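Okay, so here's the structure we're looking at.
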Amino acid sequence: MSHQGTLARSAGVVAFFTLLSRILGLVRDMVVAYAFGSGAHADAFFVAFRIPNLLRRLVAEGALTASFLPVYTDTLENRSPEEAQRVVRITFTLLSVSVALISLAGVVFSPWVIQAFAPGFRTDPDKFHLAVSLNRIVFPYLFFISLVALCMGILNAQGHFAAPAASPVLLNVAMIAGALGLSRWFDPPIYGLAVGVLAGGLLQLFLQIPPLAARRIRFGFVFSLRDPAVNRIGRLFLPAAFGAAVYQLNTLVSTIFASFLPEGSVSYLWYAGRLLEFPLGVFGMALAIAAFPRLSQETSRGDEERFRQILEESLRMVTFVMVPATIGLVVLAKPIVQVLFQRGEFDPATTVGTTKALVWYCVGMWPIAASRILVSAFYSLQDTATPVRLSVVSFAANVAFSLVLMGPMAHAGLALANSLAAAVNVAQLLSRLRVRTGASGLGWFRSSGPRILIAGAAMGLCLMAARTLTEAAPGTPLPRQILLLLGAIFGGALVYGLACAVLGVPEIHMALDRIRRRVGRRSQTNHP
């Protein structure tokens, strides 16, 4: 199979399980919105959960994956299986010990952690103390999910993507069970949701055991700080950790500033961010995850041409998907929030606040998705320093934009600040990558880009015409709301697809060819 086919197949596996996870994630968010809305308890939980979640992206999925996967892939490609197994065990030892200590510190020093992450909560002692208690429950989640990230790096390097991509499904199921079942046993009920987070982390780790066992991967404790592979991982880890910290601090800045805004602001940003993560996770992250090991392999082989091809193909597909996703979310933001969340404790005022945040978050959808691909390209080159330097500039831009915009626009200004900072970051990454490799990543844009934008505009006009039908009037039955919204979404997708076909956008023909090949293979299987 060609490298393009392998990338598409790997991305497809990740996208399928990520889609399943995101669907369950939306169900989870609907349950949380119904049960807790955007009040003080919800604000406290979202702050408490955001802290270990941020560290997960920093330590585990950020720096660990960026530093471990290229070194492990190079060891698999160029050295013996025994050496690769030794790299796994040394990394497991250092990771498990360090993250266990971080988790313990997070529990012990929880009041100071909440003070740093949500200083505005100090004006409401009850909310502050609730956030501290919830943080102590959910912080050990970091330990389990960090080990899951190590498993992901191992399995992805060996071409297995299903189990790591499917693991978030278990977290969502556990949190739904916590909100609907366990919450009945706690006072206040929000504690049940926190326990669900902890259980979900443990279940995610258990899911990785069978595919690891099938590949004869055995964890064990091996202390060897002088091992050459460990030194290579360490040299990549520290700048990657700092870079991920700066990147994740953009989210933290929004939480800190939102804690000073009226009650509910933290929740508005949380719910809007969750909706934004749906297309980003299903498509943007799926492509980044699938491209990373392939880019690392081509770097190890010294094949610069295939490296550039994989990079450009990934950015083309990101643009092809993110343009209509951005337009669709902006135009249909309010009816989407209404259908998914507006019930129970989630009232119309919360819908308005969440919609405003979602619209301005969407401005940064393409830059965020593209930057994940570009950062993976730098990491595959074992260059973690460049993304660090650039992310510092992005972080400074986010702080400046937030300070300027939160006054006139409140929490919506914080969402826009994140989007503008993402645009600054992707522009820098594209420029530096061209200097480093000669690959701009956008050579295809002259031909496909304008046609994709025209097709997206046609879709947007149709959705604007249909929007008045999808915005629910008071008393509209939920099934009717759902049908109208689904009709608008599928109608918009059909218009976009037809427009792309008429305009000759290559990506639509690639997708149709893949569908025809799959149908053909199934027909041959059924009719030998």
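By convention in this document, the chains of the structure tokens carry letters A, B, ... by their order, each chain's residues are numbered from 1, and ligands are numbered from 1 in the order they are shown.
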Residues near A:Ser380, cut-off 10 Å, only C-alpha atoms, skip fewer than 4 positions along chain, as a list in words: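 Residues near the query, excluding close chain neighbours: Ala66, Ser67, Leu69, Pro70, Val71, Thr73, Ala291, Phe292, Pro293, Arg294, Leu295, Ser296, Gln297, Glu298, Thr299, Ser300, Phe307, Leu374, Val375, Ser376 and Thr384 of chain A.
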Residues within 6 Å of stretch 336-347 of chain A, please, as a VMD selection string. Count only C-alpha atoms; anything in the same chain fewer than 2 positions from it doesn't count. chain A and resid 30 33 to 34 36 to 37 333 to 334 349 to 350
Using only all heavy atoms, please write the residues we just selected to a file, as a PDB file, in the first residue's frame.
ATOM      1  N   MET A  30     -23.973  16.711  27.417  1.00  0.00           N
ATOM      2  CA  MET A  30     -25.410  16.935  27.545  1.00  0.00           C
ATOM      3  C   MET A  30     -25.898  16.531  28.929  1.00  0.00           C
ATOM      4  O   MET A  30     -26.712  17.219  29.557  1.00  0.00           O
ATOM      5  CB  MET A  30     -26.157  16.166  26.456  1.00  0.00           C
ATOM      6  CG  MET A  30     -25.915  16.689  25.047  1.00  0.00           C
ATOM      7  SD  MET A  30     -26.510  15.567  23.748  1.00  0.00           S
ATOM      8  CE  MET A  30     -28.275  15.631  24.026  1.00  0.00           C
ATOM      9  N   ALA A  33     -24.532  19.073  31.400  1.00  0.00           N
ATOM     10  CA  ALA A  33     -25.272  20.334  31.265  1.00  0.00           C
ATOM     11  C   ALA A  33     -26.654  20.225  31.890  1.00  0.00           C
ATOM     12  O   ALA A  33     -27.122  21.150  32.567  1.00  0.00           O
ATOM     13  CB  ALA A  33     -25.385  20.709  29.787  1.00  0.00           C
ATOM     14  N   TYR A  34     -27.307  19.099  31.663  1.00  0.00           N
ATOM     15  CA  TYR A  34     -28.649  18.894  32.233  1.00  0.00           C
ATOM     16  C   TYR A  34     -28.599  18.848  33.759  1.00  0.00           C
ATOM     17  O   TYR A  34     -29.443  19.423  34.453  1.00  0.00           O
ATOM     18  CB  TYR A  34     -29.238  17.592  31.700  1.00  0.00           C
ATOM     19  CG  TYR A  34     -30.539  17.199  32.364  1.00  0.00           C
ATOM     20  CD1 TYR A  34     -31.745  17.768  31.957  1.00  0.00           C
ATOM     21  CD2 TYR A  34     -30.565  16.259  33.400  1.00  0.00           C
ATOM     22  CE1 TYR A  34     -32.941  17.417  32.574  1.00  0.00           C
ATOM     23  CE2 TYR A  34     -31.754  15.910  34.017  1.00  0.00           C
ATOM     24  CZ  TYR A  34     -32.938  16.489  33.595  1.00  0.00           C
ATOM     25  OH  TYR A  34     -34.115  16.139  34.209  1.00  0.00           O
ATOM     26  N   PHE A  36     -26.023  19.868  35.872  1.00  0.00           N
ATOM     27  CA  PHE A  36     -25.318  20.899  36.638  1.00  0.00           C
ATOM     28  C   PHE A  36     -25.326  22.290  36.010  1.00  0.00           C
ATOM     29  O   PHE A  36     -24.967  23.265  36.681  1.00  0.00           O
ATOM     30  CB  PHE A  36     -23.863  20.464  36.870  1.00  0.00           C
ATOM     31  CG  PHE A  36     -23.747  19.111  37.521  1.00  0.00           C
ATOM     32  CD1 PHE A  36     -23.288  18.014  36.800  1.00  0.00           C
ATOM     33  CD2 PHE A  36     -24.121  18.913  38.842  1.00  0.00           C
ATOM     34  CE1 PHE A  36     -23.184  16.760  37.387  1.00  0.00           C
ATOM     35  CE2 PHE A  36     -24.021  17.667  39.440  1.00  0.00           C
ATOM     36  CZ  PHE A  36     -23.563  16.590  38.706  1.00  0.00           C
ATOM     37  N   GLY A  37     -25.698  22.407  34.717  1.00  0.00           N
ATOM     38  CA  GLY A  37     -25.817  23.716  34.093  1.00  0.00           C
ATOM     39  C   GLY A  37     -24.519  24.497  34.103  1.00  0.00           C
ATOM     40  O   GLY A  37     -23.446  23.970  33.802  1.00  0.00           O
ATOM     41  N   ALA A 333     -24.453  27.833  15.200  1.00  0.00           N
ATOM     42  CA  ALA A 333     -23.999  27.751  16.594  1.00  0.00           C
ATOM     43  C   ALA A 333     -25.166  27.700  17.581  1.00  0.00           C
ATOM     44  O   ALA A 333     -25.220  26.836  18.455  1.00  0.00           O
ATOM     45  CB  ALA A 333     -23.088  28.939  16.906  1.00  0.00           C
ATOM     46  N   LYS A 334     -26.104  28.637  17.467  1.00  0.00           N
ATOM     47  CA  LYS A 334     -27.186  28.694  18.442  1.00  0.00           C
ATOM     48  C   LYS A 334     -28.074  27.454  18.414  1.00  0.00           C
ATOM     49  O   LYS A 334     -28.335  26.861  19.472  1.00  0.00           O
ATOM     50  CB  LYS A 334     -28.020  29.959  18.242  1.00  0.00           C
ATOM     51  CG  LYS A 334     -29.092  30.129  19.313  1.00  0.00           C
ATOM     52  CD  LYS A 334     -29.845  31.443  19.151  1.00  0.00           C
ATOM     53  CE  LYS A 334     -30.931  31.585  20.218  1.00  0.00           C
ATOM     54  NZ  LYS A 334     -31.678  32.856  20.059  1.00  0.00           N
ATOM     55  N   ALA A 349     -30.336  31.595  28.867  1.00  0.00           N
ATOM     56  CA  ALA A 349     -29.235  32.541  29.069  1.00  0.00           C
ATOM     57  C   ALA A 349     -27.882  31.848  28.903  1.00  0.00           C
ATOM     58  O   ALA A 349     -26.935  32.422  28.345  1.00  0.00           O
ATOM     59  CB  ALA A 349     -29.338  33.176  30.455  1.00  0.00           C
ATOM     60  N   THR A 350     -27.793  30.606  29.374  1.00  0.00           N
ATOM     61  CA  THR A 350     -26.555  29.844  29.203  1.00  0.00           C
ATOM     62  C   THR A 350     -26.328  29.512  27.735  1.00  0.00           C
ATOM     63  O   THR A 350     -25.183  29.473  27.264  1.00  0.00           O
ATOM     64  CB  THR A 350     -26.606  28.555  30.049  1.00  0.00           C
ATOM     65  OG1 THR A 350     -26.903  28.881  31.399  1.00  0.00           O
ATOM     66  CG2 THR A 350     -25.288  27.819  29.999  1.00  0.00           C
TER      67      THR A 350
END
Residues within 9 Å of stretch 279-284 of chain A, please, as a PyMOL selection string. Count only C-alpha atoms; anything in the same chain fewer than 6 positions from it doesn't count. chain A and resi 11-12+14-22+317-318+321-322+325-326+365-366+368-370+372-373
Select from stretch 217-410 of chain A everything DSSP, run on the backbone, classes as helix (DSSP H, G or I), then give the selection as a PyMOL selection string. chain A and resi 228-258+265-301+304-331+333-341+348-362+365-380+385-409
Leaving out stretch 416-427 of chain A and any residue of its chain fewer than 5 positions from it, which residues lie within 8 Å of it when counting only C-alpha atoms, given as a PyMOL selection string? chain A and resi 250-251+357+360-365+367-368+370-371+374+390-391+393-395+397-399+401-402+405
Selection file, N, CA, C and O atoms, as a short mmCIF file (atom, residue, chain, number, x, y, z; two decimals), in the first residue's frame:
data_model
loop_
_atom_site.label_atom_id
_atom_site.label_comp_id
_atom_site.auth_asym_id
_atom_site.auth_seq_id
_atom_site.Cartn_x
_atom_site.Cartn_y
_atom_site.Cartn_z
N ASN A 250 -2.39 28.89 27.12
CA ASN A 250 -3.40 29.71 26.46
C ASN A 250 -4.79 29.38 27.01
O ASN A 250 -5.60 30.28 27.25
N THR A 251 -5.06 28.08 27.20
CA THR A 251 -6.32 27.67 27.79
C THR A 251 -6.40 28.13 29.24
O THR A 251 -7.45 28.59 29.72
N ALA A 357 -19.32 32.33 22.79
CA ALA A 357 -17.97 31.77 22.90
C ALA A 357 -17.66 30.85 21.72
O ALA A 357 -16.56 30.88 21.16
N TRP A 360 -16.70 32.65 18.33
CA TRP A 360 -15.36 33.22 18.27
C TRP A 360 -14.26 32.17 18.40
O TRP A 360 -13.16 32.36 17.88
N TYR A 361 -14.56 31.05 19.06
CA TYR A 361 -13.61 29.95 19.06
C TYR A 361 -13.41 29.40 17.64
O TYR A 361 -12.32 28.98 17.26
N CYS A 362 -14.50 29.38 16.85
CA CYS A 362 -14.44 28.79 15.52
C CYS A 362 -13.48 29.51 14.59
O CYS A 362 -12.97 28.91 13.63
N VAL A 363 -13.23 30.77 14.86
CA VAL A 363 -12.28 31.52 14.03
C VAL A 363 -10.91 30.84 14.02
O VAL A 363 -10.18 30.89 13.01
N GLY A 364 -10.57 30.18 15.09
CA GLY A 364 -9.26 29.54 15.19
C GLY A 364 -9.24 28.07 14.85
O GLY A 364 -8.22 27.40 15.07
N MET A 365 -10.32 27.53 14.28
CA MET A 365 -10.38 26.09 14.06
C MET A 365 -9.30 25.61 13.09
O MET A 365 -8.56 24.66 13.36
N PRO A 367 -6.46 27.21 12.05
CA PRO A 367 -5.10 27.38 12.58
C PRO A 367 -4.73 26.34 13.63
O PRO A 367 -3.60 25.85 13.66
N ILE A 368 -5.67 25.98 14.51
CA ILE A 368 -5.37 24.99 15.55
C ILE A 368 -5.08 23.63 14.92
O ILE A 368 -4.10 22.95 15.26
N ALA A 370 -4.21 22.91 11.79
CA ALA A 370 -2.99 22.94 10.97
C ALA A 370 -1.74 22.96 11.84
O ALA A 370 -0.73 22.32 11.52
N SER A 371 -1.80 23.67 12.97
CA SER A 371 -0.62 23.75 13.83
C SER A 371 -0.28 22.40 14.42
O SER A 371 0.90 22.08 14.64
N LEU A 374 1.75 20.68 11.83
CA LEU A 374 3.06 21.31 11.68
C LEU A 374 3.97 21.01 12.86
O LEU A 374 5.18 20.76 12.69
N LEU A 390 8.32 29.50 19.16
CA LEU A 390 7.17 30.10 18.49
C LEU A 390 5.94 30.13 19.40
O LEU A 390 5.14 31.07 19.35
N SER A 391 5.78 29.10 20.24
CA SER A 391 4.62 29.07 21.12
C SER A 391 4.71 30.14 22.20
O SER A 391 3.68 30.61 22.71
N VAL A 393 5.74 33.17 21.68
CA VAL A 393 5.17 34.35 21.01
C VAL A 393 3.65 34.24 20.97
O VAL A 393 2.92 35.21 21.22
N SER A 394 3.15 33.05 20.67
CA SER A 394 1.70 32.82 20.63
C SER A 394 1.07 33.06 21.99
O SER A 394 -0.01 33.66 22.10
N PHE A 395 1.73 32.59 23.04
CA PHE A 395 1.21 32.79 24.39
C PHE A 395 1.15 34.27 24.75
O PHE A 395 0.14 34.76 25.28
N ALA A 397 0.88 36.72 22.70
CA ALA A 397 -0.19 37.32 21.91
C ALA A 397 -1.55 37.03 22.54
O ALA A 397 -2.43 37.91 22.58
N ASN A 398 -1.73 35.81 23.07
CA ASN A 398 -3.01 35.46 23.69
C ASN A 398 -3.27 36.31 24.93
O ASN A 398 -4.39 36.79 25.15
N VAL A 399 -2.25 36.50 25.75
CA VAL A 399 -2.41 37.34 26.95
C VAL A 399 -2.79 38.76 26.55
O VAL A 399 -3.72 39.37 27.10
N PHE A 401 -4.12 39.87 23.67
CA PHE A 401 -5.47 39.90 23.08
C PHE A 401 -6.55 39.75 24.16
O PHE A 401 -7.59 40.41 24.10
N SER A 402 -6.30 38.88 25.14
CA SER A 402 -7.29 38.66 26.20
C SER A 402 -7.51 39.93 27.02
O SER A 402 -8.66 40.30 27.32
N LEU A 405 -9.53 42.36 24.85
CA LEU A 405 -10.87 41.98 24.38
C LEU A 405 -11.83 41.61 25.49
O LEU A 405 -13.05 41.67 25.29
#
What is the atom CA of A:Gln158 to atom CA of A:Ala199 distance in Å?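 Computed distance, atom CA of A:Gln158 to atom CA of A:Ala199, equals 27.8 Å.
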If we count only C-alpha atoms, what is near A:Ala44 at a cut-off of 9 Å, once residues fewer than 5 positions away on the same chain are taken out, given as a ChimeraX atom specification? /A:39,49,121,127-132,134-135,266
